$ cat entry17.csv   # CSV, C-alpha atoms
chain,number,residue,atom,x,y,z
E,1,MET,CA,0.9,-29.8,-9.9
E,2,ARG,CA,-0.6,-29.6,-13.3
E,3,CYS,CA,-3.8,-28.1,-11.9
E,4,LYS,CA,-1.8,-25.4,-10.2
E,5,LYS,CA,0.0,-24.6,-13.5
E,6,VAL,CA,-3.2,-24.6,-15.5
E,7,ARG,CA,-5.1,-22.4,-13.0
E,8,ALA,CA,-2.4,-19.8,-13.4
E,9,LEU,CA,-3.2,-19.8,-17.1
E,10,ILE,CA,-7.0,-19.6,-16.8
E,11,SER,CA,-7.0,-15.8,-16.6
E,12,PRO,CA,-5.2,-15.2,-19.9
E,13,TYR,CA,-6.9,-18.2,-21.4
E,14,ILE,CA,-10.4,-16.8,-21.0
E,15,ASP,CA,-9.1,-13.6,-22.5
E,16,GLN,CA,-7.6,-15.5,-25.4
E,17,MET,CA,-4.1,-14.2,-24.5
E,18,THR,CA,-2.4,-17.6,-24.1
E,19,ASP,CA,0.0,-18.7,-26.8
E,20,ARG,CA,-0.6,-21.9,-28.8
E,21,SER,CA,1.2,-24.3,-26.5
E,22,GLU,CA,-0.4,-22.8,-23.4
E,23,THR,CA,-3.8,-23.0,-25.0
E,24,ILE,CA,-3.3,-26.7,-25.9
E,25,LEU,CA,-2.1,-27.5,-22.3
E,26,VAL,CA,-5.1,-25.7,-20.8
E,27,GLU,CA,-7.7,-27.3,-23.1
E,28,LYS,CA,-6.3,-30.8,-22.7
E,29,HIS,CA,-6.3,-30.5,-18.9
E,30,LEU,CA,-9.8,-29.0,-18.8
E,31,ALA,CA,-11.1,-31.9,-20.8
E,32,VAL,CA,-10.1,-34.3,-18.0
E,33,CYS,CA,-10.2,-32.3,-14.8
E,34,PRO,CA,-13.7,-31.4,-13.7
E,35,VAL,CA,-12.4,-29.3,-10.8
E,36,CYS,CA,-10.3,-27.0,-13.0
E,37,LEU,CA,-13.2,-26.9,-15.6
E,38,GLN,CA,-15.5,-25.6,-12.9
E,39,TYR,CA,-12.8,-23.1,-11.9
E,40,ALA,CA,-12.5,-21.9,-15.5
E,41,ASN,CA,-16.3,-21.7,-15.9
E,42,LYS,CA,-16.6,-19.6,-12.7
E,43,ALA,CA,-13.8,-17.3,-14.0
E,44,ARG,CA,-15.7,-16.9,-17.3
E,45,GLY,CA,-19.0,-16.3,-15.4
E,46,MET,CA,-17.4,-13.7,-13.2
E,47,ARG,CA,-16.2,-11.8,-16.2
E,48,GLN,CA,-19.6,-12.0,-17.9
E,49,ALA,CA,-21.3,-10.8,-14.8
E,50,MET,CA,-19.0,-7.8,-14.5
E,51,LEU,CA,-19.4,-6.9,-18.2
E,52,ARG,CA,-23.1,-6.9,-17.6
E,53,MET,CA,-22.8,-4.4,-14.8
E,54,GLY,CA,-23.2,-1.6,-17.3
E,55,CYS,CA,-22.0,1.9,-17.0
E,56,PRO,CA,-24.0,4.6,-15.2
E,57,LEU,CA,-24.5,7.9,-17.0
E,58,PRO,CA,-23.2,11.1,-15.6
E,59,PRO,CA,-25.5,13.7,-14.1
E,60,PRO,CA,-26.5,16.5,-16.7
E,61,SER,CA,-24.7,19.1,-14.6
E,62,LEU,CA,-21.2,17.7,-15.2
E,63,VAL,CA,-20.5,19.5,-18.4
E,64,GLY,CA,-21.7,22.8,-16.9
E,65,ASP,CA,-19.6,22.4,-13.8
E,66,ILE,CA,-16.5,21.7,-15.8
E,67,ARG,CA,-17.2,24.7,-18.1
E,68,ARG,CA,-17.5,26.9,-15.0
E,69,ARG,CA,-14.2,25.7,-13.5
E,70,LEU,CA,-12.4,26.0,-16.8
E,71,ARG,CA,-13.5,29.6,-17.1
E,72,GLU,CA,-12.4,30.3,-13.5
E,73,GLU,CA,-9.0,28.8,-14.2
E,74,GLN,CA,-8.6,30.8,-17.4
E,75,PHE,CA,-9.6,34.0,-15.6
E,76,ARG,CA,-7.1,33.4,-12.9
E,77,GLU,CA,-4.4,32.7,-15.4
E,78,GLN,CA,-5.1,35.8,-17.4
E,79,ASN,CA,-5.1,38.0,-14.3
E,80,ARG,CA,-2.0,36.6,-12.8
E,81,PRO,CA,0.7,39.3,-12.4
E,82,GLY,CA,3.7,38.9,-14.7
E,83,VAL,CA,7.1,37.8,-13.4
E,84,GLY,CA,8.5,41.4,-13.4
E,85,ARG,CA,5.7,42.7,-11.3
E,86,ARG,CA,6.0,39.8,-8.9
E,87,LEU,CA,9.7,40.5,-8.3
E,88,ARG,CA,9.0,44.2,-7.8
E,89,VAL,CA,6.4,43.4,-5.2
E,90,LEU,CA,8.9,41.1,-3.4
E,91,ALA,CA,11.6,43.8,-3.6
E,92,GLY,CA,9.2,46.4,-2.3
E,93,LYS,CA,8.3,44.2,0.7
E,94,ALA,CA,11.9,43.6,1.5
E,95,TRP,CA,12.6,47.4,1.2
E,96,GLY,CA,9.6,48.2,3.3
E,97,SER,CA,10.7,45.8,6.1
E,98,ARG,CA,14.0,47.5,6.9
E,99,PRO,CA,14.1,49.7,10.1
E,100,LYS,CA,13.6,53.4,9.6
E,101,GLY,CA,16.7,55.6,9.3
E,102,GLU,CA,18.9,52.7,8.4
E,103,THR,CA,21.3,53.4,5.5
E,104,ILE,CA,21.8,50.7,3.1
E,105,ARG,CA,25.4,50.0,2.6
E,106,PHE,CA,26.9,48.2,-0.3
E,107,TYR,CA,30.0,46.2,0.1
E,108,ARG,CA,32.4,44.8,-2.4
E,109,TRP,CA,34.1,41.6,-1.6
E,110,ARG,CA,37.8,42.0,-1.8
E,111,LYS,CA,40.5,39.4,-1.5
E,112,LYS,CA,42.8,39.9,1.5
E,113,PRO,CA,46.4,40.4,0.5
E,114,LEU,CA,48.7,37.5,1.6
E,115,GLU,CA,50.9,38.5,4.5
B,1,MET,CA,-7.2,16.5,-39.9
B,2,THR,CA,-10.1,14.8,-38.1
B,3,SER,CA,-12.6,16.9,-36.2
B,4,GLU,CA,-11.3,15.5,-32.9
B,5,GLU,CA,-7.7,16.6,-33.9
B,6,GLN,CA,-9.1,20.1,-34.8
B,7,LEU,CA,-10.8,20.3,-31.4
B,8,LEU,CA,-7.6,19.3,-29.6
B,9,LYS,CA,-5.6,21.8,-31.5
B,10,ARG,CA,-8.0,24.6,-30.7
B,11,SER,CA,-8.1,23.5,-27.1
B,12,LEU,CA,-4.3,23.6,-26.9
B,13,LEU,CA,-4.6,27.2,-28.0
B,14,GLY,CA,-6.9,28.0,-25.1
B,15,ASP,CA,-10.3,27.5,-26.8
B,16,ALA,CA,-12.5,26.4,-23.9
B,17,GLU,CA,-15.5,25.8,-26.1
B,18,ALA,CA,-13.5,23.3,-28.2
B,19,PHE,CA,-12.5,21.5,-25.0
B,20,GLU,CA,-16.1,21.5,-23.9
B,21,GLU,CA,-17.0,19.5,-27.0
B,22,ILE,CA,-14.4,17.0,-26.0
B,23,VAL,CA,-15.9,16.8,-22.6
B,24,ILE,CA,-19.3,16.2,-24.1
B,25,LYS,CA,-17.9,13.4,-26.3
B,26,TYR,CA,-16.1,11.6,-23.5
B,27,GLN,CA,-18.1,12.4,-20.4
B,28,ASN,CA,-19.9,9.1,-20.4
B,29,LYS,CA,-16.8,7.0,-20.6
B,30,VAL,CA,-14.9,9.1,-18.0
B,31,TYR,CA,-17.7,9.1,-15.6
B,32,ALA,CA,-18.3,5.3,-15.9
B,33,LEU,CA,-14.6,4.8,-15.2
B,34,THR,CA,-14.6,7.1,-12.1
B,35,PHE,CA,-17.8,5.5,-10.8
B,36,ARG,CA,-16.3,2.1,-10.9
B,37,TYR,CA,-13.0,3.2,-9.4
B,38,MET,CA,-14.5,5.3,-6.6
B,39,GLY,CA,-17.7,3.2,-5.9
B,40,ASN,CA,-20.1,6.1,-5.3
B,41,GLU,CA,-21.7,8.9,-7.3
B,42,GLU,CA,-20.4,11.8,-5.3
B,43,ASP,CA,-16.7,10.9,-5.6
B,44,ALA,CA,-17.2,9.8,-9.2
B,45,TYR,CA,-18.6,13.2,-10.1
B,46,ASP,CA,-15.7,15.0,-8.4
B,47,MET,CA,-13.1,12.8,-9.9
B,48,ALA,CA,-14.6,13.2,-13.4
B,49,GLN,CA,-14.3,16.9,-13.1
B,50,GLU,CA,-10.7,16.6,-11.8
B,51,ALA,CA,-9.8,14.3,-14.6
B,52,PHE,CA,-11.1,16.6,-17.3
B,53,LEU,CA,-9.4,19.6,-15.8
B,54,LYS,CA,-6.1,17.8,-15.5
B,55,ALA,CA,-6.5,16.7,-19.1
B,56,TYR,CA,-7.0,20.3,-20.1
B,57,ARG,CA,-3.9,21.5,-18.2
B,58,SER,CA,-1.7,18.7,-19.6
B,59,LEU,CA,-3.0,18.7,-23.2
B,60,GLY,CA,0.4,19.7,-24.3
B,61,THR,CA,1.8,16.3,-23.2
B,62,PHE,CA,-0.5,14.4,-25.5
B,63,LYS,CA,1.9,13.3,-28.3
B,64,GLY,CA,-0.6,11.3,-30.4
B,65,ASP,CA,1.3,8.0,-30.0
B,66,SER,CA,-1.9,6.5,-28.5
B,67,SER,CA,-5.5,7.3,-29.1
B,68,PHE,CA,-6.9,10.3,-27.2
B,69,SER,CA,-9.4,8.1,-25.4
B,70,THR,CA,-6.5,5.9,-24.1
B,71,TRP,CA,-4.6,9.0,-23.0
B,72,LEU,CA,-7.7,10.3,-21.3
B,73,TYR,CA,-8.3,7.0,-19.5
B,74,ARG,CA,-4.7,7.2,-18.3
B,75,VAL,CA,-5.2,10.7,-16.9
B,76,THR,CA,-8.5,9.6,-15.3
B,77,THR,CA,-6.9,6.4,-13.8
B,78,ASN,CA,-4.0,8.4,-12.3
B,79,VAL,CA,-6.3,11.0,-10.8
B,80,CYS,CA,-8.5,8.3,-9.2
B,81,LEU,CA,-5.5,6.2,-8.1
B,82,ASP,CA,-4.0,9.2,-6.3
B,83,GLU,CA,-7.3,9.8,-4.6
B,84,LEU,CA,-7.8,6.1,-3.6
B,85,ARG,CA,-4.3,5.9,-2.2
B,86,ARG,CA,-4.8,9.2,-0.4
B,87,LYS,CA,-7.9,8.0,1.2
B,88,LYS,CA,-6.2,4.7,2.1
B,89,ARG,CA,-9.4,2.8,2.3
B,90,ARG,CA,-9.3,0.1,4.8
B,91,ILE,CA,-9.8,-3.3,3.4
B,92,LEU,CA,-12.3,-5.0,5.6
B,93,PRO,CA,-12.1,-8.7,6.2
B,94,LEU,CA,-14.7,-10.5,4.2
B,95,SER,CA,-17.2,-13.1,5.4
B,96,LEU,CA,-17.9,-16.4,3.6
B,97,ASP,CA,-20.4,-16.8,0.8
B,98,GLU,CA,-23.3,-14.3,1.3
B,99,PRO,CA,-26.6,-15.4,-0.3
B,100,LEU,CA,-28.6,-12.9,-2.3
B,101,ASN,CA,-31.8,-11.6,-0.7
B,102,THR,CA,-34.7,-11.2,-3.2
B,103,ARG,CA,-37.6,-8.8,-2.8
B,104,GLY,CA,-39.7,-11.6,-1.4
B,105,GLY,CA,-37.2,-12.2,1.4
B,106,GLU,CA,-35.9,-15.4,0.0
B,107,GLU,CA,-32.3,-16.3,-0.1
B,108,VAL,CA,-30.9,-17.5,-3.5
B,109,GLU,CA,-27.5,-18.6,-4.5
B,110,LYS,CA,-25.6,-16.2,-6.8
B,111,GLU,CA,-26.0,-17.1,-10.4
B,112,LEU,CA,-23.2,-15.9,-12.5
B,113,ILE,CA,-24.5,-17.3,-15.8
B,114,ASP,CA,-27.8,-15.8,-16.7
B,115,PRO,CA,-29.0,-16.6,-20.3
B,116,ALA,CA,-32.6,-15.1,-20.2
B,117,PRO,CA,-33.3,-12.8,-17.3
B,118,THR,CA,-36.9,-12.3,-16.0
B,119,ALA,CA,-37.9,-9.2,-14.0
B,120,ASP,CA,-36.9,-10.8,-10.7
B,121,GLN,CA,-33.6,-11.8,-12.2
B,122,ILE,CA,-33.0,-8.3,-13.4
B,123,TYR,CA,-33.6,-7.0,-9.9
B,124,GLU,CA,-31.3,-9.6,-8.6
B,125,GLN,CA,-28.8,-8.6,-11.2
B,126,LYS,CA,-28.9,-5.0,-10.0
B,127,GLU,CA,-28.4,-6.2,-6.4
B,128,PHE,CA,-25.6,-8.5,-7.6
B,129,SER,CA,-24.0,-5.6,-9.5
B,130,GLN,CA,-24.1,-3.6,-6.2
B,131,TYR,CA,-22.6,-6.6,-4.5
B,132,ILE,CA,-19.8,-6.8,-7.0
B,133,GLN,CA,-19.1,-3.1,-6.7
B,134,ASN,CA,-19.0,-3.5,-2.9
B,135,GLN,CA,-16.4,-6.3,-3.2
B,136,LEU,CA,-14.4,-4.3,-5.7
B,137,ASP,CA,-14.2,-1.4,-3.3
B,138,LYS,CA,-12.5,-3.7,-0.8
B,139,LEU,CA,-9.6,-4.5,-3.1
B,140,LYS,CA,-6.2,-2.8,-3.2
B,141,PRO,CA,-6.3,0.1,-5.6
B,142,ASP,CA,-4.0,-1.5,-8.1
B,143,TYR,CA,-6.1,-4.7,-8.3
B,144,LYS,CA,-9.3,-2.7,-8.5
B,145,ILE,CA,-8.1,-0.6,-11.3
B,146,ILE,CA,-7.0,-3.4,-13.5
B,147,LEU,CA,-10.2,-5.4,-13.0
B,148,VAL,CA,-12.3,-2.3,-13.8
B,149,LEU,CA,-10.3,-1.6,-17.0
B,150,ARG,CA,-10.6,-5.2,-18.2
B,151,ASP,CA,-13.7,-6.8,-16.8
B,152,ILE,CA,-16.0,-3.7,-16.8
B,153,MET,CA,-14.7,-1.3,-19.4
B,154,ASP,CA,-13.6,-4.2,-21.6
B,155,LEU,CA,-10.3,-2.7,-22.7
B,156,SER,CA,-7.8,-4.9,-24.5
B,157,TYR,CA,-4.5,-6.0,-22.8
B,158,ALA,CA,-2.7,-3.6,-25.1
B,159,GLU,CA,-4.9,-0.7,-24.2
B,160,ILE,CA,-4.6,-1.4,-20.5
B,161,ALA,CA,-0.8,-1.6,-20.9
B,162,ASP,CA,-1.0,1.8,-22.6
B,163,VAL,CA,-3.2,3.3,-19.8
B,164,LEU,CA,-1.0,1.9,-17.0
B,165,LYS,CA,2.3,2.5,-18.8
B,166,CYS,CA,3.4,-1.0,-18.4
B,167,SER,CA,4.0,-4.1,-20.6
B,168,VAL,CA,1.4,-6.5,-21.7
B,169,GLY,CA,3.1,-9.2,-19.7
B,170,THR,CA,2.7,-7.1,-16.6
B,171,VAL,CA,-1.0,-6.7,-17.4
B,172,LYS,CA,-1.3,-10.4,-17.8
B,173,SER,CA,0.2,-11.3,-14.5
B,174,ARG,CA,-1.4,-8.4,-12.5
B,175,LEU,CA,-4.8,-9.2,-13.9
B,176,SER,CA,-4.4,-12.9,-13.1
B,177,ARG,CA,-3.5,-12.1,-9.5
B,178,ALA,CA,-6.3,-9.6,-9.2
B,179,ARG,CA,-8.9,-12.1,-10.5
B,180,MET,CA,-7.6,-14.7,-8.1
B,181,VAL,CA,-7.9,-12.4,-5.1
B,182,PHE,CA,-11.3,-11.2,-6.3
B,183,ARG,CA,-12.5,-14.7,-6.8
B,184,ASP,CA,-11.3,-15.8,-3.4
B,185,LYS,CA,-13.4,-13.0,-1.8
B,186,PHE,CA,-16.5,-14.6,-3.4
B,187,THR,CA,-15.8,-18.1,-2.4
B,188,GLY,CA,-14.2,-17.4,1.0

$ encode --input "entry17.csv" --output "structure tokens"
Amino acid sequence: MRCKKVRALISPYIDQMTDRSETILVEKHLAVCPVCLQYANKARGMRQAMLRMGCPLPPPSLVGDIRRRLREEQFREQNRPGVGRRLRVLAGKAWGSRPKGETIRFYRWRKKPLE
Amino acid sequence: MTSEEQLLKRSLLGDAEAFEEIVIKYQNKVYALTFRYMGNEEDAYDMAQEAFLKAYRSLGTFKGDSSFSTWLYRVTTNVCLDELRRKKRRILPLSLDEPLNTRGGEEVEKELIDPAPTADQIYEQKEFSQYIQNQLDKLKPDYKIILVLRDIMDLSYAEIADVLKCSVGTVKSRLSRARMVFRDKFTG
């Protein structure tokens, strides 16, 4: 039971993120349990191995490609029609879609008198 | 005002050249992060671009309550997480311990602790790095991301909590689970 409890603390322990009582519990147990000690050493080793993986450098074209896309976005944004023009375009399309010769009638909603 | 703050202010006003200087400053870190998240150069390159473009578009949301690098990591993580979930990579069942093959065709056990590497050991280390990356690629996106942030990028728990917008306690428990799952994949 203690091994299970200690193993749950190994991860924060190797990162020095356990509180004082947890640290004491883990260290006391590792001093007497070779299985858990091996578990902790493997966890530490795994972290060291991953830290040594290193970070690959980006290709030199990355900055240029981002620059190009930024400029394209800015160009699109600057040449985007304003709201007023967009509404007029929509209205024009709606107007243009009505059948020829049809008169547009305007109605006003009126309340029916009570009978 | 620091030079970075000046660059950010100018970028907010639409100065693309100022933002380009920010890209130059952070491109290595962002690319390293996307490479470890995505597992290959092509996707890493695309995601790095997307991350910077998203950062540019959402610069107005950077309040300065965390460092800019942490904020940028957050944007990068979200972009990659969305892509990883979208791709829904299938997690393949793993075999038991696989020995490492050296150039001479020998099989050696994996050595995790390596105090003084020779040329052969460096080669094995590269192969082992590729092996670790392959195993990382098989994890669920949430586990992969937290392992990359802590065990490869070496961010602190507080920084990871900032990036993932969660508490330090959540980082502790999620990292612990991720390491257990990852470790089990090595030992079978």

$ interface_residues --input "entry17.csv" --of "chain E" --to "chain B" --cutoff "6 Å" --atoms "all atoms listed in the file" --output "PyMOL selection string"
chain E and resi 11+45+47+49-51+53+55-58+66

$ residues_near_point --input "entry17.csv" --point "(-15.2, -22.1, -14.3)" --cutoff "12 Å" --atoms "all atoms listed in the file" --output "ChimeraX atom specification"
/E:7,10-11,13-14,30,33-48 /B:112-113,183

$ atom_distance --input "entry17.csv" --atom1 "atom CA of B:Gly39" --atom2 "atom CA of B:Val181"
18.4 Å

$ atom_distance --input "entry17.csv" --atom1 "atom CA of B:Thr34" --atom2 "atom CA of B:Cys80"
6.9 Å

$ atom_distance --input "entry17.csv" --atom1 "atom CA of E:Lys28" --atom2 "atom CA of E:Cys3"
11.4 Å

$ closest_residue --input "entry17.csv" --among "B:Thr70, B:Pro141, B:Leu81, B:Tyr131" --to "B:Ala158" --atoms "only C-alpha atoms"
B:Thr70

$ closest_residue --input "entry17.csv" --among "B:Met38, B:Leu59, B:Leu155, B:Ile22" --to "E:Val63" --atoms "all atoms listed in the file"
B:Ile22

$ residues_around --input "entry17.csv" --residues "B:Leu72" --least-positions-apart "2" --cutoff "9 Å" --atoms "all atoms listed in the file" --output "CSV table (one decimal) with C-alpha atoms, in the coordinates of the input"
chain,number,residue,atom,x,y,z
B,26,TYR,CA,-16.1,11.6,-23.5
B,30,VAL,CA,-14.9,9.1,-18.0
B,51,ALA,CA,-9.8,14.3,-14.6
B,52,PHE,CA,-11.1,16.6,-17.3
B,55,ALA,CA,-6.5,16.7,-19.1
B,67,SER,CA,-5.5,7.3,-29.1
B,68,PHE,CA,-6.9,10.3,-27.2
B,69,SER,CA,-9.4,8.1,-25.4
B,70,THR,CA,-6.5,5.9,-24.1
B,74,ARG,CA,-4.7,7.2,-18.3
B,75,VAL,CA,-5.2,10.7,-16.9
B,76,THR,CA,-8.5,9.6,-15.3
B,77,THR,CA,-6.9,6.4,-13.8
B,163,VAL,CA,-3.2,3.3,-19.8
